[in-house]
>>> print(open('my_file_11.tsv').read())   # TSV, C-alpha atoms
chain	number	residue	atom	x	y	z
A	327	MET	CA	-28.14	155.71	6.03
A	328	GLY	CA	-24.99	156.46	4.09
A	329	PRO	CA	-23.11	159.05	2.04
A	330	SER	CA	-23.99	159.82	-1.58
A	331	GLY	CA	-23.39	156.80	-3.81
A	332	ALA	CA	-23.58	154.32	-0.90
A	333	GLY	CA	-26.34	152.32	-2.61
A	334	LYS	CA	-29.33	153.42	-0.52
A	335	THR	CA	-31.67	154.18	-3.42
A	336	THR	CA	-30.52	151.06	-5.28
A	337	LEU	CA	-31.38	148.92	-2.25
A	338	VAL	CA	-34.83	150.51	-1.94
A	339	SER	CA	-35.39	149.99	-5.69
A	340	ALA	CA	-34.67	146.26	-5.24
A	341	LEU	CA	-36.97	146.00	-2.18
A	342	THR	CA	-39.79	147.85	-3.96
A	343	LEU	CA	-39.51	145.57	-7.03
A	344	GLU	CA	-38.32	148.43	-9.25
A	345	GLY	CA	-34.68	147.38	-9.63
A	346	LEU	CA	-34.90	146.15	-13.22
A	347	TYR	CA	-31.14	146.42	-13.80
A	348	GLY	CA	-28.56	143.85	-12.73
A	349	GLU	CA	-29.46	140.61	-10.99
A	350	ALA	CA	-31.24	140.71	-7.63
A	351	THR	CA	-30.77	137.76	-5.28
A	352	GLY	CA	-32.36	136.98	-1.92
A	353	LYS	CA	-35.85	136.65	-0.48
A	354	VAL	CA	-38.27	139.24	0.86
A	355	THR	CA	-41.44	138.33	2.75
A	356	LEU	CA	-44.19	140.42	4.35
A	357	ASN	CA	-45.65	138.67	7.42
A	358	GLY	CA	-44.24	135.44	6.08
A	359	VAL	CA	-45.80	135.87	2.63
A	360	PRO	CA	-43.44	136.29	-0.38
A	361	LEU	CA	-43.58	139.91	-1.56
A	362	THR	CA	-45.18	139.80	-5.01
A	363	ASP	CA	-46.17	142.72	-7.22
A	364	LYS	CA	-49.85	142.38	-6.20
A	365	ILE	CA	-49.10	142.25	-2.47
A	366	PHE	CA	-46.70	145.17	-2.80
A	367	LYS	CA	-49.31	147.37	-4.52
A	368	SER	CA	-51.93	146.49	-1.90
A	369	HIS	CA	-49.85	146.80	1.26
A	370	CYS	CA	-46.85	149.02	0.55
A	371	TYR	CA	-46.33	152.62	-0.44
A	372	VAL	CA	-43.23	154.41	-1.74
A	373	VAL	CA	-42.59	158.13	-1.24
A	374	LYS	CA	-40.11	158.93	-4.00
A	375	GLN	CA	-37.14	161.25	-3.67
A	376	HIS	CA	-38.70	163.73	-6.12
A	377	ASP	CA	-42.28	164.85	-5.49
A	378	LYS	CA	-44.70	164.91	-8.42
A	379	HIS	CA	-48.20	166.27	-7.88
A	380	TRP	CA	-50.88	167.58	-10.25
A	381	PRO	CA	-49.94	171.30	-10.40
A	382	TYR	CA	-53.50	172.59	-10.93
A	383	LEU	CA	-55.06	170.75	-7.97
A	384	THR	CA	-54.96	172.28	-4.49
A	385	CYS	CA	-53.33	170.58	-1.53
A	386	ARG	CA	-56.74	169.69	-0.01
A	387	GLU	CA	-58.13	168.41	-3.33
A	388	THR	CA	-55.11	166.14	-3.80
A	389	LEU	CA	-55.66	164.57	-0.38
A	390	MET	CA	-59.44	164.30	-0.91
A	391	PHE	CA	-59.03	162.44	-4.21
A	392	ALA	CA	-56.48	160.13	-2.57
A	393	ALA	CA	-58.87	159.52	0.37
A	394	GLU	CA	-61.67	158.61	-2.06
A	395	LEU	CA	-59.48	156.22	-4.06
A	396	TYR	CA	-58.24	154.53	-0.86
A	397	ASP	CA	-61.84	154.42	0.43
A	398	VAL	CA	-60.78	155.64	3.87
A	399	ALA	CA	-64.30	156.52	5.10
A	400	VAL	CA	-67.97	155.76	4.47
A	401	ASN	CA	-69.05	159.22	3.35
A	402	ARG	CA	-67.52	162.47	2.12
A	403	ALA	CA	-68.01	164.29	5.45
A	404	GLU	CA	-65.93	161.67	7.28
A	405	MET	CA	-63.29	161.82	4.54
A	406	ALA	CA	-63.07	165.58	5.01
A	407	LEU	CA	-62.39	165.06	8.73
A	408	VAL	CA	-59.64	162.52	7.95
A	409	VAL	CA	-58.09	164.94	5.42
A	410	ASP	CA	-58.28	167.79	7.99
A	411	GLU	CA	-56.38	165.61	10.46
A	412	ILE	CA	-53.66	164.86	7.88
A	413	LEU	CA	-53.40	168.55	6.95
A	414	ASP	CA	-52.92	169.45	10.64
A	415	LYS	CA	-50.37	166.69	11.26
A	416	MET	CA	-48.32	167.59	8.19
A	417	GLY	CA	-48.43	171.35	8.87
A	418	LEU	CA	-50.27	171.99	5.59
A	419	LYS	CA	-53.33	173.80	6.95
A	420	VAL	CA	-51.94	177.20	5.91
A	421	CYS	CA	-51.66	176.11	2.26
A	422	GLU	CA	-54.65	173.74	2.00
A	423	ASN	CA	-56.22	175.83	-0.78
A	424	THR	CA	-52.96	176.59	-2.59
A	425	ARG	CA	-52.37	174.84	-5.91
A	426	ASN	CA	-49.62	172.25	-5.86
A	427	GLY	CA	-47.63	174.10	-8.52
A	428	SER	CA	-47.21	177.00	-6.06
A	429	LEU	CA	-46.17	174.92	-3.03
A	430	SER	CA	-42.61	175.08	-1.69
A	431	GLY	CA	-40.36	172.03	-1.91
A	432	GLY	CA	-40.90	171.25	1.77
A	433	GLN	CA	-44.67	171.53	1.45
A	434	ARG	CA	-44.70	169.20	-1.56
A	435	ARG	CA	-42.65	166.68	0.42
A	436	ARG	CA	-45.10	166.84	3.35
A	437	LEU	CA	-48.01	166.41	0.93
A	438	SER	CA	-46.39	163.24	-0.46
A	439	ILE	CA	-46.07	161.80	3.04
A	440	GLY	CA	-49.66	162.83	3.84
A	441	ILE	CA	-50.94	160.85	0.85
A	442	ALA	CA	-48.92	157.84	2.03
A	443	LEU	CA	-50.45	158.05	5.52
A	444	LEU	CA	-53.96	158.15	4.00
A	445	LYS	CA	-53.40	154.75	2.40
A	446	GLN	CA	-52.52	153.23	5.81
A	447	PRO	CA	-50.08	150.70	4.32
A	448	THR	CA	-48.45	147.80	6.14
A	449	MET	CA	-45.02	148.93	4.98
A	450	LEU	CA	-43.96	152.43	4.00
A	451	PHE	CA	-40.80	153.24	2.03
A	452	LEU	CA	-39.45	156.79	2.20
A	453	ASP	CA	-36.59	157.79	-0.10
A	454	GLU	CA	-34.83	160.81	1.45
A	455	PRO	CA	-37.97	162.07	3.31
A	456	THR	CA	-36.15	165.06	4.80
A	457	SER	CA	-34.55	166.33	1.56
A	458	GLY	CA	-35.34	169.99	0.97
A	459	LEU	CA	-36.67	170.52	4.50
A	460	ASP	CA	-35.25	172.82	7.15
A	461	ALA	CA	-34.18	171.27	10.48
A	462	ALA	CA	-37.46	172.07	12.28
A	463	SER	CA	-39.65	170.68	9.47
A	464	ALA	CA	-37.49	167.55	9.15
A	465	SER	CA	-37.69	166.92	12.90
A	466	ASN	CA	-41.48	167.42	13.00
A	467	ILE	CA	-42.10	165.22	9.96
A	468	MET	CA	-39.94	162.37	11.29
A	469	ARG	CA	-41.56	162.66	14.73
A	470	GLU	CA	-44.99	162.32	13.10
A	471	ILE	CA	-43.78	159.34	11.03
A	472	VAL	CA	-42.48	157.61	14.18
A	473	ARG	CA	-45.75	158.32	16.01
A	474	VAL	CA	-47.85	156.89	13.16
A	475	ALA	CA	-45.56	153.85	12.90
A	476	LYS	CA	-46.10	153.04	16.58
A	477	GLU	CA	-49.83	153.77	16.70
A	478	GLU	CA	-50.70	152.00	13.43
A	479	ARG	CA	-48.02	149.28	13.80
A	480	LEU	CA	-46.43	150.16	10.46
A	481	ILE	CA	-43.06	149.01	9.15
A	482	ILE	CA	-41.24	152.09	7.89
A	483	ILE	CA	-38.02	151.89	5.90
A	484	CYS	CA	-36.40	155.16	4.93
A	485	THR	CA	-33.17	156.15	3.28
A	486	ILE	CA	-31.65	159.25	4.80
A	487	HIS	CA	-28.64	161.30	3.89
A	488	GLN	CA	-27.65	163.36	6.92
A	489	PRO	CA	-30.21	163.40	9.76
A	490	SER	CA	-30.06	165.77	12.69
A	491	THR	CA	-29.55	164.34	16.19
A	492	LYS	CA	-33.31	164.59	16.89
A	493	VAL	CA	-34.17	162.70	13.71
A	494	TYR	CA	-31.48	160.07	14.38
A	495	GLN	CA	-32.82	159.46	17.90
A	496	GLY	CA	-36.21	158.54	16.42
A	497	PHE	CA	-34.80	155.47	14.62
A	498	ASP	CA	-35.31	151.93	15.94
A	499	GLU	CA	-32.82	150.19	13.68
A	500	LEU	CA	-29.97	151.45	11.55
A	501	MET	CA	-28.27	150.08	8.46
A	502	LEU	CA	-25.17	152.10	7.68
A	503	MET	CA	-24.02	151.71	4.08
A	504	SER	CA	-20.93	152.59	2.08
A	505	ARG	CA	-19.93	151.58	-1.45
A	506	GLY	CA	-22.91	149.22	-1.70
A	507	ARG	CA	-21.97	147.29	1.46
A	508	GLU	CA	-23.03	147.29	5.11
A	509	ALA	CA	-20.83	148.97	7.70
A	510	PHE	CA	-23.32	148.25	10.50
A	511	SER	CA	-26.86	146.89	10.77
A	512	GLY	CA	-28.89	146.47	13.94
A	513	ASP	CA	-30.40	148.28	16.92
A	514	VAL	CA	-29.59	151.98	16.71
A	515	ASN	CA	-28.47	152.00	20.38
A	516	GLU	CA	-25.79	149.41	19.60
A	517	ALA	CA	-24.13	151.46	16.85
A	518	ILE	CA	-21.97	153.72	19.06
A	519	PRO	CA	-20.71	150.85	21.29
A	520	TYR	CA	-19.95	148.76	18.18
A	521	PHE	CA	-17.80	151.43	16.51
A	522	GLU	CA	-16.10	152.13	19.84
A	523	SER	CA	-15.24	148.42	20.09
A	524	ILE	CA	-13.50	148.49	16.69
A	525	GLY	CA	-11.44	151.56	17.52
A	526	HIS	CA	-13.68	154.41	16.31
A	527	PRO	CA	-15.24	156.06	19.41
A	528	CYS	CA	-17.78	158.81	18.80
A	529	PRO	CA	-16.53	162.12	20.28
A	530	PRO	CA	-18.72	163.63	23.05
A	531	ALA	CA	-21.37	166.20	22.04
A	532	THR	CA	-21.25	164.97	18.42
A	533	ASN	CA	-24.19	164.00	16.25
A	534	PRO	CA	-23.73	160.19	15.85
A	535	ALA	CA	-25.17	160.30	12.31
A	536	GLU	CA	-22.59	162.87	11.18
A	537	PHE	CA	-19.79	160.90	12.84
A	538	PHE	CA	-20.79	157.63	11.13
A	539	LEU	CA	-21.24	159.27	7.72
A	540	ASP	CA	-17.83	160.97	7.93
A	541	LEU	CA	-16.30	157.68	8.99
A	542	VAL	CA	-17.57	155.62	6.02
A	543	ASN	CA	-17.37	158.29	3.30
A	544	SER	CA	-14.61	156.95	1.08
A	545	ASP	CA	-14.54	160.19	-0.96
A	546	PHE	CA	-13.15	162.16	1.97
A	547	SER	CA	-11.91	159.53	4.45
A	548	ASP	CA	-8.97	157.18	4.13
A	549	GLU	CA	-10.11	154.45	1.73
A	550	SER	CA	-8.21	151.76	3.61
A	551	VAL	CA	-9.99	152.73	6.86
A	552	VAL	CA	-13.40	152.51	5.16
A	553	THR	CA	-12.53	149.13	3.63
A	554	GLY	CA	-11.39	147.91	7.05
A	555	ILE	CA	-14.69	148.97	8.65
A	556	LEU	CA	-16.70	147.19	5.93
A	557	ASN	CA	-14.62	144.01	6.18
A	558	THR	CA	-14.79	144.02	9.99
A	559	TRP	CA	-18.59	144.17	9.96
A	560	GLN	CA	-18.75	141.35	7.41
A	561	GLU	CA	-16.63	139.19	9.71
A	562	LYS	CA	-18.24	140.21	13.02
A	563	ARG	CA	-21.90	140.60	12.11
A	564	PRO	CA	-23.99	138.69	14.65
A	565	ASP	CA	-26.23	136.94	12.10
A	566	GLY	CA	-23.32	135.03	10.60
A	567	GLY	CA	-23.51	136.72	7.23
A	568	ASN	CA	-27.26	136.45	6.63
A	569	SER	CA	-29.43	139.53	6.33
A	570	SER	CA	-32.40	138.40	8.40
A	571	HIS	CA	-33.62	141.13	10.74
A	572	HIS	CA	-36.24	139.15	12.65
A	573	LYS	CA	-36.43	140.27	16.24
A	574	LYS	CA	-35.90	137.81	19.07
A	575	GLY	CA	-39.14	136.03	19.89
A	576	PHE	CA	-40.56	136.57	16.40
A	577	ASP	CA	-42.68	133.58	15.43
A	578	ASP	CA	-43.67	133.22	11.78
A	579	GLU	CA	-46.45	130.79	12.73
A	580	GLU	CA	-48.17	133.51	14.75
A	581	GLN	CA	-48.34	135.87	11.77
A	582	GLN	CA	-51.75	136.23	10.20
A	583	GLY	CA	-50.33	136.64	6.73
A	584	VAL	CA	-51.47	139.30	4.31
A	585	VAL	CA	-55.08	140.08	3.48
A	586	ASP	CA	-56.44	142.13	0.59
A	587	MET	CA	-56.46	145.87	1.20
A	588	LYS	CA	-59.74	147.77	1.21
A	589	ARG	CA	-60.12	149.91	-1.91
A	590	ALA	CA	-62.86	151.66	-3.85
A	591	PRO	CA	-64.80	149.54	-6.40
A	592	LEU	CA	-63.68	149.91	-10.03
A	593	ARG	CA	-66.78	151.86	-11.10
A	594	LYS	CA	-66.27	154.29	-8.22
A	595	GLU	CA	-62.56	154.61	-9.06
A	596	LEU	CA	-63.42	155.52	-12.67
A	597	MET	CA	-65.86	158.23	-11.54
A	598	ILE	CA	-63.25	159.69	-9.16
A	599	MET	CA	-60.64	159.76	-11.93
A	600	PHE	CA	-63.07	161.43	-14.38
A	601	ARG	CA	-63.85	164.13	-11.82
A	602	ARG	CA	-60.17	164.69	-11.05
A	603	HIS	CA	-59.08	164.95	-14.67
A	604	GLY	CA	-62.13	167.01	-15.55
A	605	ALA	CA	-60.98	169.60	-13.00
A	606	LEU	CA	-57.45	169.47	-14.41
A	607	ILE	CA	-58.65	170.00	-18.00
A	608	VAL	CA	-60.79	173.00	-16.99
A	609	ARG	CA	-57.93	174.64	-15.06
A	610	ASP	CA	-54.98	173.86	-17.36
A	611	PRO	CA	-54.75	176.69	-19.95
A	612	ILE	CA	-52.87	174.46	-22.42
A	613	LEU	CA	-55.53	171.72	-22.33
>>> encode(input="my_file_11.tsv", output="structure tokens")
Amino acid sequence: MGPSGAGKTTLVSALTLEGLYGEATGKVTLNGVPLTDKIFKSHCYVVKQHDKHWPYLTCRETLMFAAELYDVAVNRAEMALVVDEILDKMGLKVCENTRNGSLSGGQRRRLSIGIALLKQPTMLFLDEPTSGLDAASASNIMREIVRVAKEERLIIICTIHQPSTKVYQGFDELMLMSRGREAFSGDVNEAIPYFESIGHPCPPATNPAEFFLDLVNSDFSDESVVTGILNTWQEKRPDGGNSSHHKKGFDDEEQQGVVDMKRAPLRKELMIMFRRHGALIVRDPIL
């Protein structure tokens, strides 16, 4: 979490192996296995900040094609049930037969997250998942994401700009960023006591997220105060300057490692793609 220009998207780009600019240093592992391009494609999913869907496919068709490619069920009837469940969870039932080009910004965002949930990844990256959503939609979407994370034991990393109190309370861990540096990183319940201990108590009846973002926004706050907060965290951080976020009691030897993800065979994938693009060609007046 951080104000605009804090480095959130840049950090996610580096973690998702898309940061081709500059020089990235450090080490990222998934269940103790180094995160390579192949492992990332099999076990991770990124929901981008800007949603791009085939405009001439309907919401249901988009999810059905995704379900087929991810091979989420044995037959088409079972896939339809899985897609129905996703449509209900994402609040897309009312627009299931609407073409993607006619969906609202919030509906397109929920469709992107629905596709991600169909893949059932080990790790899910969300870049600004609540952008373009009203408060109620943002709260419902984040509540569903938290529920899925707990039930399916997913790791979910999301960048977020200015969450509501309800959304903020759904977080397990928080990394607060400013000017490409950490201002705090750790258990979300420790954030308020930490800032209080360094002389920045959160006023009562205030959204903690708004308070933290105002505090570290160097565009509108005193730059020397922001620099002091960043330097204080660098000196006081409990991990001694390393960025390892392993929980206490975590044992790498107990991890089962990473196995290949289930996916449709190549011949089946080709047939699915031909059907999808055939529908697009028939419906697109230009083509």
>>> atom_distance(input="my_file_11.tsv", atom1="CA of Met503 in chain A", atom2="CA of Val338 in chain A")
12.4 Å
>>> residues_around(input="my_file_11.tsv", residues="Ile412 in chain A", least_positions_apart="3", cutoff="10 Å", atoms="only C-alpha atoms", output="short mmCIF file (atom, residue, chain, number, x, y, z; two decimals) with C-alpha atoms, in the coordinates of the input")
data_model
loop_
_atom_site.label_atom_id
_atom_site.label_comp_id
_atom_site.auth_asym_id
_atom_site.auth_seq_id
_atom_site.Cartn_x
_atom_site.Cartn_y
_atom_site.Cartn_z
CA ARG A 386 -56.74 169.69 -0.01
CA LEU A 389 -55.66 164.57 -0.38
CA ALA A 406 -63.07 165.58 5.01
CA LEU A 407 -62.39 165.06 8.73
CA VAL A 408 -59.64 162.52 7.95
CA VAL A 409 -58.09 164.94 5.42
CA LYS A 415 -50.37 166.69 11.26
CA MET A 416 -48.32 167.59 8.19
CA GLY A 417 -48.43 171.35 8.87
CA LEU A 418 -50.27 171.99 5.59
CA LYS A 419 -53.33 173.80 6.95
CA ARG A 436 -45.10 166.84 3.35
CA LEU A 437 -48.01 166.41 0.93
CA ILE A 439 -46.07 161.80 3.04
CA GLY A 440 -49.66 162.83 3.84
CA ILE A 441 -50.94 160.85 0.85
CA LEU A 443 -50.45 158.05 5.52
CA LEU A 444 -53.96 158.15 4.00
#
>>> residues_around(input="my_file_11.tsv", residues="Leu343 in chain A", least_positions_apart="4", cutoff="9 Å", atoms="only C-alpha atoms", output="ChimeraX atom specification")
/A:338-339,361-363,366
>>> residues_around(input="my_file_11.tsv", residues="Arg601 in chain A", least_positions_apart="3", cutoff="12 Å", atoms="only C-alpha atoms", output="list in words")
Leu383, Glu387, Met390, Phe391, Glu394, Leu395, Lys594, Glu595, Leu596, Met597, Ile598, Gly604, Ala605, Leu606, Ile607 and Val608 of chain A
>>> write_last_selection(input="my_file_11.tsv", atoms="C-alpha atoms", output="mmCIF file, in the frame of the given file")
data_model
loop_
_atom_site.group_PDB
_atom_site.id
_atom_site.type_symbol
_atom_site.label_atom_id
_atom_site.label_comp_id
_atom_site.auth_asym_id
_atom_site.auth_seq_id
_atom_site.Cartn_x
_atom_site.Cartn_y
_atom_site.Cartn_z
ATOM 1 C CA LEU A 383 -55.060 170.750 -7.970
ATOM 2 C CA GLU A 387 -58.130 168.410 -3.330
ATOM 3 C CA MET A 390 -59.440 164.300 -0.910
ATOM 4 C CA PHE A 391 -59.030 162.440 -4.210
ATOM 5 C CA GLU A 394 -61.670 158.610 -2.060
ATOM 6 C CA LEU A 395 -59.480 156.220 -4.060
ATOM 7 C CA LYS A 594 -66.270 154.290 -8.220
ATOM 8 C CA GLU A 595 -62.560 154.610 -9.060
ATOM 9 C CA LEU A 596 -63.420 155.520 -12.670
ATOM 10 C CA MET A 597 -65.860 158.230 -11.540
ATOM 11 C CA ILE A 598 -63.250 159.690 -9.160
ATOM 12 C CA GLY A 604 -62.130 167.010 -15.550
ATOM 13 C CA ALA A 605 -60.980 169.600 -13.000
ATOM 14 C CA LEU A 606 -57.450 169.470 -14.410
ATOM 15 C CA ILE A 607 -58.650 170.000 -18.000
ATOM 16 C CA VAL A 608 -60.790 173.000 -16.990
#
>>> closest_residue(input="my_file_11.tsv", among="A:Val493, A:Leu337, A:Leu592, A:Val372", to="Asn466 in chain A", atoms="all atoms listed in the file")
A:Val493
>>> residues_near_point(input="my_file_11.tsv", point="(-13.6, 148.1, 12.5)", cutoff="10 Å", atoms="all atoms listed in the file", output="tab-separated table (two decimals) with C-alpha atoms, in the coordinates of the input")
chain	number	residue	atom	x	y	z
A	509	ALA	CA	-20.83	148.97	7.70
A	510	PHE	CA	-23.32	148.25	10.50
A	520	TYR	CA	-19.95	148.76	18.18
A	521	PHE	CA	-17.80	151.43	16.51
A	522	GLU	CA	-16.10	152.13	19.84
A	523	SER	CA	-15.24	148.42	20.09
A	524	ILE	CA	-13.50	148.49	16.69
A	525	GLY	CA	-11.44	151.56	17.52
A	526	HIS	CA	-13.68	154.41	16.31
A	551	VAL	CA	-9.99	152.73	6.86
A	552	VAL	CA	-13.40	152.51	5.16
A	553	THR	CA	-12.53	149.13	3.63
A	554	GLY	CA	-11.39	147.91	7.05
A	555	ILE	CA	-14.69	148.97	8.65
A	556	LEU	CA	-16.70	147.19	5.93
A	557	ASN	CA	-14.62	144.01	6.18
A	558	THR	CA	-14.79	144.02	9.99
A	559	TRP	CA	-18.59	144.17	9.96
A	560	GLN	CA	-18.75	141.35	7.41
A	561	GLU	CA	-16.63	139.19	9.71
A	562	LYS	CA	-18.24	140.21	13.02
>>> atom_distance(input="my_file_11.tsv", atom1="CA of Arg602 in chain A", atom2="CA of Ser368 in chain A")
22.0 Å
>>> residues_around(input="my_file_11.tsv", residues="Thr456 in chain A", least_positions_apart="4", cutoff="12 Å", atoms="only C-alpha atoms", output="PyMOL selection string")
chain A and resi 373-377+431-436+438-439+452+460-469+471+484-490+493-494
>>> atom_distance(input="my_file_11.tsv", atom1="CA of Ser547 in chain A", atom2="CA of Pro329 in chain A")
11.5 Å
